Structure formats: structure tokens, C-alpha cells
Amino acid sequence: MARYLFVVSKTRPELREYLMDHFSKEDDVVVTIDRRRGERRRGDADREAERRQAHRRWRPENDEALESIGAFMVPLDEREPVA
């Protein structure tokens with residue numbers, strides 16, 4: 001069974017409500033609001049050693065979709081937990 005995560009822009013709460021209603025009977029669909037708050041690093045010291053890997057599901061087109069249509073969908077692996 002495929003699983004899907006819809007991430008909705010903070011500026012589109014009505015879209016989140018619509019998607020939640022639309023997929024309310026679908027156990028394999030999760031709808032959430034984009035919780036990112038921008039870059040968290042401060043100062044030059046944080047730039048010296050970059051240990052973080054880029055999130056494997058995040059792509060630039062996701063940001064474009066959030067801005068243009070207010071949401072995007074990510075297919076999830078069966079084993080991945082949804083926060």
C-alpha cells in the first residue's frame with residue numbers, strides 16, 4: 001500500500017482543511033502544515049563543519065509548489081514513520 005504526505009503552506013489553512021476532509025477516509029494519506037522556519041544557523045562558527053545531510057525528500061520544486069499552489073505531495077516508504 002502506498003502512503004502519501006501532503007505538506008500545505010502556512011498561508012493556506014483552508015487548503016489544509018479541504019485536503020483533510022477530502023482524504024478523511026484514506027488511512028494512507030497524511031496532511032500537515034509546513035513547519036519550517038527558515039535557516040537555523042547563526043554566525044560563521046556554524047559554517048565550519050557541515051555535518052547535516054540534505055533531507056532526502058526535500059527538493060527545490062517543493063518550495064515552488066508551496067508558493068504557487070500552496071501544497072505538494074511526498075510519497076512515503078512503508079517503513080518511514082510520519083511525524
# chains A, B, ... in the order shown; residues from 1 in each chain; ligands from 1
$ residues_around --residues "Val8 of chain A" --least-positions-apart "5" --cutoff "7 Å" --atoms "only C-alpha atoms" --output "MDAnalysis selection string"
chainID A and resid 16 32:34 66 70:72
$ atom_distance --atom1 "atom CA of Ala65 of chain A" --atom2 "atom CA of Val31 of chain A"
15.2 Å
$ residues_around --residues "segment 73-75 of chain A" --least-positions-apart "5" --cutoff "7 Å" --atoms "only C-alpha atoms" --output "list of chain:residue names"
A:Arg3, A:Tyr4, A:Leu5, A:Phe6, A:Val7
$ write_last_selection --atoms "N, CA and C atoms" --output "PDB file, in the first residue's frame"
ATOM      1  N   ARG A   3       1.804   5.166   0.612  1.00  0.00           N
ATOM      2  CA  ARG A   3       1.468   6.171   1.622  1.00  0.00           C
ATOM      3  C   ARG A   3       1.911   7.519   1.105  1.00  0.00           C
ATOM      4  N   TYR A   4       1.145   8.556   1.450  1.00  0.00           N
ATOM      5  CA  TYR A   4       1.421   9.892   0.943  1.00  0.00           C
ATOM      6  C   TYR A   4       1.333  10.930   2.050  1.00  0.00           C
ATOM      7  N   LEU A   5       2.209  11.919   1.953  1.00  0.00           N
ATOM      8  CA  LEU A   5       2.218  13.049   2.865  1.00  0.00           C
ATOM      9  C   LEU A   5       1.980  14.301   2.037  1.00  0.00           C
ATOM     10  N   PHE A   6       0.939  15.069   2.397  1.00  0.00           N
ATOM     11  CA  PHE A   6       0.697  16.368   1.773  1.00  0.00           C
ATOM     12  C   PHE A   6       1.208  17.434   2.731  1.00  0.00           C
ATOM     13  N   VAL A   7       2.082  18.304   2.245  1.00  0.00           N
ATOM     14  CA  VAL A   7       2.589  19.426   3.037  1.00  0.00           C
ATOM     15  C   VAL A   7       1.945  20.680   2.464  1.00  0.00           C
TER      16      VAL A   7
END
$ atom_distance --atom1 "atom CA of Asp21 of chain A" --atom2 "atom CA of Glu61 of chain A"
25.5 Å
$ closest_residue --among "A:Glu67, A:Val30, A:Lys25, A:Pro60" --to "Arg12 of chain A" --atoms "only C-alpha atoms"
A:Glu67
$ atom_distance --atom1 "atom CA of Ser24 of chain A" --atom2 "atom CA of Arg59 of chain A"
26.9 Å
$ closest_residue --among "A:Arg35, A:Phe23, A:Asp28, A:Ser68" --to "Lys10 of chain A" --atoms "only C-alpha atoms"
A:Arg35
